[in-house]
file my_file.cif (mmCIF, C-alpha atoms)
data_query
#
loop_
_atom_site.label_atom_id
_atom_site.label_comp_id
_atom_site.auth_asym_id
_atom_site.auth_seq_id
_atom_site.Cartn_x
_atom_site.Cartn_y
_atom_site.Cartn_z
CA MET E 56 16.21 -51.84 -46.42
CA LEU E 57 14.11 -54.97 -46.90
CA LEU E 58 10.98 -52.80 -47.01
CA LEU E 59 12.35 -51.24 -50.22
CA VAL E 60 12.65 -54.53 -52.10
CA VAL E 61 9.43 -54.22 -54.11
CA PRO E 62 9.97 -50.56 -55.20
CA PHE E 63 13.54 -51.20 -56.30
CA TYR E 64 12.50 -54.41 -58.04
CA ALA E 65 9.90 -52.44 -60.00
CA ILE E 66 12.48 -49.81 -60.96
CA GLU E 67 15.00 -52.40 -62.16
CA VAL E 68 12.40 -54.42 -64.12
CA PHE E 69 10.98 -51.39 -65.93
CA ASP E 70 14.31 -49.65 -66.55
CA ARG E 71 16.58 -52.61 -67.29
CA VAL E 72 14.64 -55.73 -68.20
CA ILE E 73 11.93 -54.20 -70.40
CA THR E 74 14.37 -51.93 -72.23
CA SER E 75 17.02 -54.64 -72.78
CA GLY E 76 14.75 -57.68 -73.13
CA SER E 77 17.16 -59.73 -71.01
CA VAL E 78 15.47 -62.78 -69.51
CA GLU E 79 18.60 -63.60 -67.49
CA THR E 80 18.45 -60.19 -65.78
CA LEU E 81 14.77 -60.74 -64.98
CA VAL E 82 15.47 -64.17 -63.47
CA GLY E 83 18.38 -62.83 -61.42
CA LEU E 84 16.40 -59.87 -60.10
CA THR E 85 13.45 -62.12 -59.25
CA ILE E 86 15.63 -64.55 -57.29
CA ILE E 87 17.24 -61.70 -55.35
CA ALA E 88 13.85 -60.11 -54.61
CA ALA E 89 12.33 -63.43 -53.52
CA GLY E 90 15.26 -64.11 -51.19
CA ALA E 91 14.98 -60.62 -49.69
CA LEU E 92 11.24 -61.11 -49.13
CA VAL E 93 11.94 -64.39 -47.33
CA PHE E 94 14.35 -62.59 -45.00
CA SER E 95 11.73 -59.85 -44.50
CA ALA E 96 9.12 -62.43 -43.50
CA MET E 97 11.60 -64.06 -41.10
CA PHE E 98 12.30 -60.70 -39.44
CA ASP E 99 8.55 -60.04 -39.12
CA VAL E 100 8.10 -63.41 -37.39
CA LEU E 101 11.07 -62.66 -35.13
CA ARG E 102 9.67 -59.25 -34.21
CA SER E 103 6.25 -60.73 -33.43
CA ARG E 104 7.80 -63.39 -31.21
CA LEU E 105 9.93 -60.82 -29.40
CA LEU E 106 6.92 -58.57 -28.78
CA SER E 107 4.83 -61.50 -27.58
CA ARG E 108 7.48 -62.74 -25.17
CA PHE E 109 8.20 -59.22 -23.95
CA ALA E 110 4.48 -58.75 -23.24
CA VAL E 111 4.35 -62.00 -21.26
CA GLY E 112 7.50 -61.05 -19.35
CA PHE E 113 5.98 -57.66 -18.59
CA GLU E 114 2.87 -59.25 -17.10
CA ARG E 115 4.90 -61.75 -15.07
CA CYS E 116 6.99 -58.88 -13.67
CA VAL E 117 4.22 -56.38 -12.93
CA ALA E 118 1.29 -58.62 -11.91
CA PRO E 119 2.85 -59.80 -8.59
CA ILE E 120 3.58 -56.19 -7.62
CA VAL E 121 0.01 -55.10 -8.37
CA LEU E 122 -1.46 -58.07 -6.50
CA GLU E 123 0.79 -57.45 -3.51
CA SER E 124 -0.23 -53.79 -3.56
CA THR E 125 -3.90 -54.76 -3.52
CA ILE E 126 -3.26 -56.97 -0.48
CA VAL E 127 -1.08 -54.47 1.38
CA ASP E 128 -3.11 -51.31 0.74
CA VAL E 129 -6.25 -52.00 2.75
CA ALA E 130 -7.82 -48.61 2.03
CA LYS E 131 -7.79 -49.32 -1.65
CA ARG E 132 -10.20 -52.24 -1.41
CA GLY E 133 -13.25 -50.05 -0.99
CA ASP E 134 -12.72 -47.47 -3.77
CA GLY E 135 -14.01 -49.60 -6.65
CA ARG E 136 -10.59 -50.10 -8.26
CA THR E 137 -10.04 -53.76 -7.45
CA HIS E 138 -9.49 -54.83 -11.04
CA ASP E 139 -5.98 -53.54 -11.62
CA LEU E 140 -4.82 -56.98 -12.75
CA VAL E 141 -7.27 -56.71 -15.64
CA ARG E 142 -5.49 -53.53 -16.73
CA VAL E 143 -2.16 -55.39 -16.57
CA ARG E 144 -3.59 -57.96 -18.98
CA GLU E 145 -4.80 -55.13 -21.23
CA LEU E 146 -1.24 -53.79 -21.37
CA ARG E 147 0.08 -57.25 -22.17
CA THR E 148 -2.40 -57.58 -25.05
CA PHE E 149 -1.47 -54.12 -26.33
CA LEU E 150 2.27 -54.82 -26.23
CA SER E 151 1.83 -57.94 -28.36
CA SER E 152 -0.54 -56.29 -30.87
CA GLY E 153 0.12 -54.86 -34.31
CA THR E 154 -0.15 -51.31 -32.98
CA VAL E 155 3.31 -51.58 -31.46
CA ALA E 156 4.65 -52.77 -34.83
CA SER E 157 3.19 -49.64 -36.44
CA LEU E 158 4.92 -47.53 -33.80
CA ILE E 159 8.20 -49.27 -34.64
CA ASP E 160 7.73 -48.58 -38.37
CA ALA E 161 6.71 -44.93 -37.93
CA PRO E 162 10.24 -43.50 -37.29
CA PHE E 163 11.35 -44.75 -40.74
CA LEU E 164 8.86 -42.44 -42.45
CA PRO E 165 11.42 -39.61 -43.04
CA ALA E 166 13.78 -42.06 -44.76
CA PHE E 167 11.07 -43.09 -47.24
CA ILE E 168 10.22 -39.44 -47.93
CA LEU E 169 13.92 -38.72 -48.56
CA ILE E 170 14.08 -41.59 -51.07
CA LEU E 171 11.02 -40.18 -52.85
CA PHE E 172 12.72 -36.79 -53.06
CA LEU E 173 15.76 -38.53 -54.59
CA LEU E 174 13.53 -40.13 -57.24
CA HIS E 175 11.97 -36.73 -58.03
CA PRO E 176 10.99 -33.70 -55.88
CA TRP E 177 7.36 -34.04 -56.96
CA TYR E 178 7.15 -37.49 -55.40
CA GLY E 179 8.51 -36.11 -52.15
CA VAL E 180 6.06 -33.20 -52.19
CA ILE E 181 3.13 -35.59 -52.66
CA ALA E 182 4.36 -37.69 -49.72
CA LEU E 183 4.77 -34.60 -47.52
CA ILE E 184 1.26 -33.42 -48.35
CA GLY E 185 -0.13 -36.84 -47.47
CA THR E 186 1.87 -36.92 -44.23
CA ALA E 187 0.52 -33.50 -43.20
CA ILE E 188 -3.08 -34.50 -43.95
CA LEU E 189 -2.78 -37.78 -42.05
CA LEU E 190 -1.08 -35.99 -39.16
CA VAL E 191 -4.08 -33.66 -38.81
CA MET E 192 -6.42 -36.65 -38.98
CA GLY E 193 -4.33 -38.43 -36.36
CA ILE E 194 -4.60 -35.48 -33.98
CA ALA E 195 -8.38 -35.41 -34.47
CA SER E 196 -8.60 -39.17 -33.92
CA ARG E 197 -6.49 -38.89 -30.76
CA TRP E 198 -8.73 -36.16 -29.36
CA VAL E 199 -11.85 -38.22 -30.06
CA ALA E 200 -10.28 -41.35 -28.56
CA ARG E 201 -9.12 -39.58 -25.39
CA THR E 202 -12.53 -38.02 -24.82
CA GLU E 203 -14.26 -41.35 -25.37
CA VAL E 204 -11.90 -43.29 -23.10
CA ALA E 205 -12.21 -40.72 -20.30
CA GLN E 206 -16.01 -40.82 -20.37
CA ALA E 207 -16.21 -44.58 -20.78
CA SER E 208 -13.72 -45.28 -17.98
CA GLU E 209 -15.63 -43.30 -15.39
CA ALA E 210 -18.90 -44.99 -16.34
CA ALA E 211 -17.20 -48.40 -16.43
CA LEU E 212 -15.86 -47.97 -12.90
CA ARG E 213 -19.35 -47.12 -11.62
CA THR E 214 -20.78 -50.09 -13.49
CA GLN E 215 -18.15 -52.45 -12.12
CA ALA E 216 -18.64 -51.17 -8.57
CA THR E 217 -22.39 -51.70 -8.87
CA LEU E 218 -21.88 -55.20 -10.27
CA ASP E 219 -19.50 -56.10 -7.45
CA GLY E 220 -22.03 -54.87 -4.89
CA ILE E 221 -24.84 -56.86 -6.47
CA VAL E 222 -22.77 -60.05 -6.60
CA ARG E 223 -21.39 -59.56 -3.09
CA HIS E 224 -24.86 -59.05 -1.61
CA SER E 225 -26.78 -61.31 -3.98
CA GLY E 226 -28.45 -63.15 -1.11
CA LEU E 227 -29.78 -59.94 0.39
CA VAL E 228 -30.89 -58.64 -3.02
CA ARG E 229 -32.81 -61.86 -3.69
CA ALA E 230 -34.35 -61.95 -0.20
CA MET E 231 -35.59 -58.34 -0.43
CA GLY E 232 -37.03 -58.83 -3.92
CA TRP E 233 -34.62 -56.34 -5.52
CA THR E 234 -33.44 -58.65 -8.30
CA ARG E 235 -35.19 -56.91 -11.17
CA GLY E 236 -34.34 -53.47 -9.80
CA ALA E 237 -30.66 -54.45 -9.47
CA VAL E 238 -30.60 -55.78 -13.01
CA ARG E 239 -32.29 -52.62 -14.27
CA GLU E 240 -29.81 -50.38 -12.42
CA PHE E 241 -26.88 -52.34 -13.78
CA MET E 242 -28.19 -52.14 -17.36
CA ASN E 243 -28.71 -48.37 -17.05
CA LEU E 244 -25.15 -47.87 -15.88
CA ASN E 245 -23.85 -50.27 -18.55
CA ASP E 246 -25.66 -48.29 -21.24
CA GLN E 247 -24.03 -45.12 -19.97
CA ALA E 248 -20.64 -46.82 -20.28
CA LEU E 249 -21.34 -48.14 -23.78
CA CYS E 250 -22.70 -44.92 -25.32
CA PRO E 251 -19.37 -43.01 -25.45
CA VAL E 252 -17.60 -46.16 -26.68
CA VAL E 253 -19.98 -46.58 -29.62
CA ARG E 254 -20.01 -42.87 -30.42
CA GLY E 255 -16.21 -42.59 -30.28
CA SER E 256 -15.69 -45.77 -32.30
CA GLU E 257 -17.96 -44.49 -35.07
CA ARG E 258 -16.06 -41.21 -35.26
CA VAL E 259 -12.65 -42.87 -35.23
CA SER E 260 -13.80 -45.32 -37.94
CA ALA E 261 -14.99 -42.42 -40.09
CA ILE E 262 -11.61 -40.69 -39.72
CA ALA E 263 -9.79 -43.95 -40.51
CA SER E 264 -11.88 -44.47 -43.66
CA ALA E 265 -11.09 -40.91 -44.77
CA ALA E 266 -7.38 -41.57 -44.14
CA ARG E 267 -7.54 -44.73 -46.26
CA MET E 268 -9.16 -42.73 -49.05
CA VAL E 269 -6.44 -40.04 -48.78
CA ARG E 270 -3.70 -42.66 -49.08
CA THR E 271 -5.34 -44.16 -52.18
CA VAL E 272 -5.80 -40.73 -53.76
CA LEU E 273 -2.13 -39.93 -53.15
CA GLN E 274 -1.09 -43.20 -54.80
CA ILE E 275 -3.16 -42.25 -57.85
CA ALA E 276 -1.61 -38.78 -57.78
CA ALA E 277 1.86 -40.30 -57.68
CA ILE E 278 1.12 -42.53 -60.66
CA GLY E 279 -0.38 -39.61 -62.61
CA ALA E 280 2.54 -37.33 -61.78
CA GLY E 281 4.97 -40.10 -62.66
CA ALA E 282 3.33 -40.64 -66.04
CA TRP E 283 3.57 -36.93 -66.82
CA LEU E 284 7.24 -36.84 -65.72
CA VAL E 285 7.99 -39.87 -67.93
CA LEU E 286 6.40 -38.10 -70.88
CA GLN E 287 8.60 -35.08 -70.12
CA ASN E 288 11.68 -37.36 -69.94
CA GLU E 289 12.41 -36.22 -66.39
CA VAL E 290 12.26 -39.69 -64.78
CA LEU E 291 12.48 -43.27 -65.93
CA SER E 292 9.32 -45.36 -66.19
CA GLY E 293 10.28 -47.57 -63.24
CA SER E 294 9.93 -44.68 -60.81
CA LEU E 295 6.24 -44.45 -61.71
CA ILE E 296 5.37 -47.76 -59.99
CA ALA E 297 8.07 -47.43 -57.33
CA SER E 298 6.80 -44.05 -56.16
CA ALA E 299 3.24 -45.34 -55.74
CA ILE E 300 4.49 -48.31 -53.71
CA LEU E 301 6.77 -46.11 -51.59
CA ILE E 302 4.03 -43.58 -50.86
CA ALA E 303 1.70 -46.38 -49.78
CA ARG E 304 4.44 -47.86 -47.59
CA THR E 305 5.25 -44.44 -46.13
CA LEU E 306 1.69 -43.55 -45.19
CA GLN E 307 0.57 -47.02 -44.07
CA PRO E 308 1.95 -46.76 -40.48
CA MET E 309 0.29 -43.37 -40.00
CA GLU E 310 -3.00 -44.72 -41.33
CA GLY E 311 -2.73 -47.64 -38.92
CA LEU E 312 -2.05 -45.33 -35.98
CA ILE E 313 -5.18 -43.30 -36.75
CA SER E 314 -7.26 -46.43 -36.24
CA ALA E 315 -5.20 -47.41 -33.20
CA TRP E 316 -5.49 -44.18 -31.21
CA ARG E 317 -8.27 -45.69 -29.12
CA ALA E 318 -6.04 -48.62 -28.21
CA LEU E 319 -3.18 -46.23 -27.45
CA SER E 320 -5.38 -44.09 -25.20
CA SER E 321 -6.71 -47.16 -23.39
CA ALA E 322 -3.16 -48.47 -22.95
CA HIS E 323 -2.01 -45.12 -21.57
CA GLU E 324 -4.88 -45.04 -19.09
CA ALA E 325 -4.18 -48.64 -18.09
CA TRP E 326 -0.51 -47.81 -17.55
CA VAL E 327 -1.40 -44.83 -15.33
CA GLN E 328 -3.74 -47.03 -13.28
CA VAL E 329 -1.15 -49.81 -12.98
CA GLN E 330 1.47 -47.28 -11.83
CA ALA E 331 -0.91 -45.98 -9.16
CA ALA E 332 -1.74 -49.54 -8.12
CA ALA E 333 1.91 -50.56 -7.78
CA ALA E 334 2.99 -47.38 -5.95
CA PRO E 335 2.25 -48.62 -2.37
CA VAL E 336 4.61 -51.56 -2.83
CA LEU E 337 7.31 -49.70 -4.74
CA VAL E 338 7.59 -46.76 -2.33
CA ARG E 339 7.24 -48.52 1.00
CA GLU E 340 10.28 -48.99 3.18
CA ARG E 341 12.05 -52.28 2.81
CA ARG E 342 12.67 -54.30 5.94
CA THR E 343 16.06 -55.78 6.65
CA LEU E 344 16.03 -59.42 5.66
CA LEU E 345 17.40 -61.67 8.38
CA PRO E 346 18.86 -65.08 7.67
CA SER E 347 16.57 -68.04 8.20
CA PRO E 348 16.92 -69.59 11.68
CA SER E 349 19.00 -72.70 11.79
CA ARG E 350 19.30 -75.34 14.43
CA GLN E 351 22.48 -75.24 16.42
CA ASN E 352 23.92 -78.51 17.61
#
call {"tool": "encode", "arguments": {"input": "my_file.cif", "output": "structure tokens"}}
result
Amino acid sequence: MLLLVVPFYAIEVFDRVITSGSVETLVGLTIIAAGALVFSAMFDVLRSRLLSRFAVGFERCVAPIVLESTIVDVAKRGDGRTHDLVRVRELRTFLSSGTVASLIDAPFLPAFILILFLLHPWYGVIALIGTAILLVMGIASRWVARTEVAQASEAALRTQATLDGIVRHSGLVRAMGWTRGAVREFMNLNDQALCPVVRGSERVSAIASAARMVRTVLQIAAIGAGAWLVLQNEVLSGSLIASAILIARTLQPMEGLISAWRALSSAHEAWVQVQAAAAPVLVRERRTLLPSPSRQN
């Protein structure tokens, strides 16, 4: 409800204050709106703190399991996947990021569209069209992000394995005069890992820019349609500004998710890797815990 403060404030100001000329009504509405915005900011701070502390708690819970799994599973040490704790930190960073906040806001999209339909069916139709367009863009962005992450992850694992080998045998590399060759090999593999990242990021950025343009065009369309409806005496003038604000608020989470698909794909891959890393500890048989020996007098 607090997300609807600005649209409803615009409706009341245009439809009540401007028509009646009541300064007292304007002051009262402004005080109520300001108080609601303060509560909204407080809830945003609370949500950020909860996400941050949940992310830290997640890392504190999962990291010991992953580390124990790395110690217990001896066969896993030689397969190049010795950096599972880094993926745990990636998940912690993702859980405390703004992407999760966008995911929390996304389920409220149908409620905003319903409110737009209540203002006038045309507003709702404009919002539905924008939602469909952004949904198609989101699917395209997700496909690009998944392809990029899959290619980059394989190359990154090879690069990391090569780097570990060079560091582990640095004395031998230096003694045999292979320093420049090792550096050259590492840079070649690193370039292979960076190419899909750059290419995918450029494509996702282009899709995100197009989504931002679509949202702006829909806001203009809402204002234009609202002006025409006001001239036809089908809606009040306050709905003109309120519809533009609501459409922007409705489509903003989807626009944010289009830019965040790469982070979502990386987080999904990290979660799969962390699950595989923790499996040896979680599925192994538990021994019966005996009481600590005590001295008998």
call {"tool": "closest_residue", "arguments": {"input": "my_file.cif", "among": "E:Val199, E:Val155, E:Leu306, E:Val191", "to": "Val253 in chain E", "atoms": "all atoms listed in the file"}}
result
E:Val199
call {"tool": "resolve_selection", "arguments": {"input": "my_file.cif", "expression": "the PyMOL selection byres ((chain E and resi 311-319) around 7)", "output": "list of chain:residue names"}}
result
E:Thr154, E:Ser157, E:Gly193, E:Ser196, E:Arg197, E:Ala200, E:Val259, E:Ser260, E:Ala263, E:Gln307, E:Pro308, E:Met309, E:Glu310, E:Ser320, E:Ser321, E:Ala322, E:His323
call {"tool": "atom_distance", "arguments": {"input": "my_file.cif", "atom1": "CA of Phe149 in chain E", "atom2": "CA of Ser107 in chain E"}}
result
9.8 Å
call {"tool": "residues_near_point", "arguments": {"input": "my_file.cif", "point": "(12.5, -42.2, -50.1)", "cutoff": "9 Å", "atoms": "all atoms listed in the file", "output": "short mmCIF file (atom, residue, chain, number, x, y, z; two decimals) with C-alpha atoms, in the frame of the given file"}}
result
data_model
loop_
_atom_site.label_atom_id
_atom_site.label_comp_id
_atom_site.auth_asym_id
_atom_site.auth_seq_id
_atom_site.Cartn_x
_atom_site.Cartn_y
_atom_site.Cartn_z
CA LEU E 164 8.86 -42.44 -42.45
CA PRO E 165 11.42 -39.61 -43.04
CA ALA E 166 13.78 -42.06 -44.76
CA PHE E 167 11.07 -43.09 -47.24
CA ILE E 168 10.22 -39.44 -47.93
CA LEU E 169 13.92 -38.72 -48.56
CA ILE E 170 14.08 -41.59 -51.07
CA LEU E 171 11.02 -40.18 -52.85
CA PHE E 172 12.72 -36.79 -53.06
CA LEU E 173 15.76 -38.53 -54.59
CA LEU E 174 13.53 -40.13 -57.24
CA TYR E 178 7.15 -37.49 -55.40
CA GLY E 179 8.51 -36.11 -52.15
CA SER E 298 6.80 -44.05 -56.16
CA LEU E 301 6.77 -46.11 -51.59
CA ILE E 302 4.03 -43.58 -50.86
CA THR E 305 5.25 -44.44 -46.13
#
call {"tool": "atom_distance", "arguments": {"input": "my_file.cif", "atom1": "CA of Val143 in chain E", "atom2": "CA of Asp99 in chain E"}}
result
25.4 Å
call {"tool": "closest_atom_pairs", "arguments": {"input": "my_file.cif", "of": "range 243-343 of chain E", "to": "range 65-81 of chain E", "cutoff": "9 Å", "atoms": "all atoms listed in the file", "output": "CSV"}}
result
residue,atom,partner,partner_atom,distance
E:Leu291,CA,E:Asp70,CA,6.7
E:Ser292,CA,E:Phe69,CA,6.3
E:Gly293,CA,E:Ile66,CA,3.9
E:Ser294,CA,E:Ile66,CA,5.7
E:Leu295,CA,E:Ile66,CA,8.3
E:Ile296,CA,E:Ala65,CA,6.5
E:Ala297,CA,E:Ala65,CA,6.0
call {"tool": "atom_distance", "arguments": {"input": "my_file.cif", "atom1": "CA of Glu114 in chain E", "atom2": "CA of Ser95 in chain E"}}
result
28.8 Å
call {"tool": "closest_residue", "arguments": {"input": "my_file.cif", "among": "E:Arg142, E:His175, E:His224, E:Arg102", "to": "Gln330 in chain E", "atoms": "all atoms listed in the file"}}
result
E:Arg142
call {"tool": "resolve_selection", "arguments": {"input": "my_file.cif", "expression": "the PyMOL selection byres ((chain E and resi 139) around 10)", "output": "PyMOL selection string"}}
result
chain E and resi 118+121-122+124-125+136-138+140-145+325-326+328-333
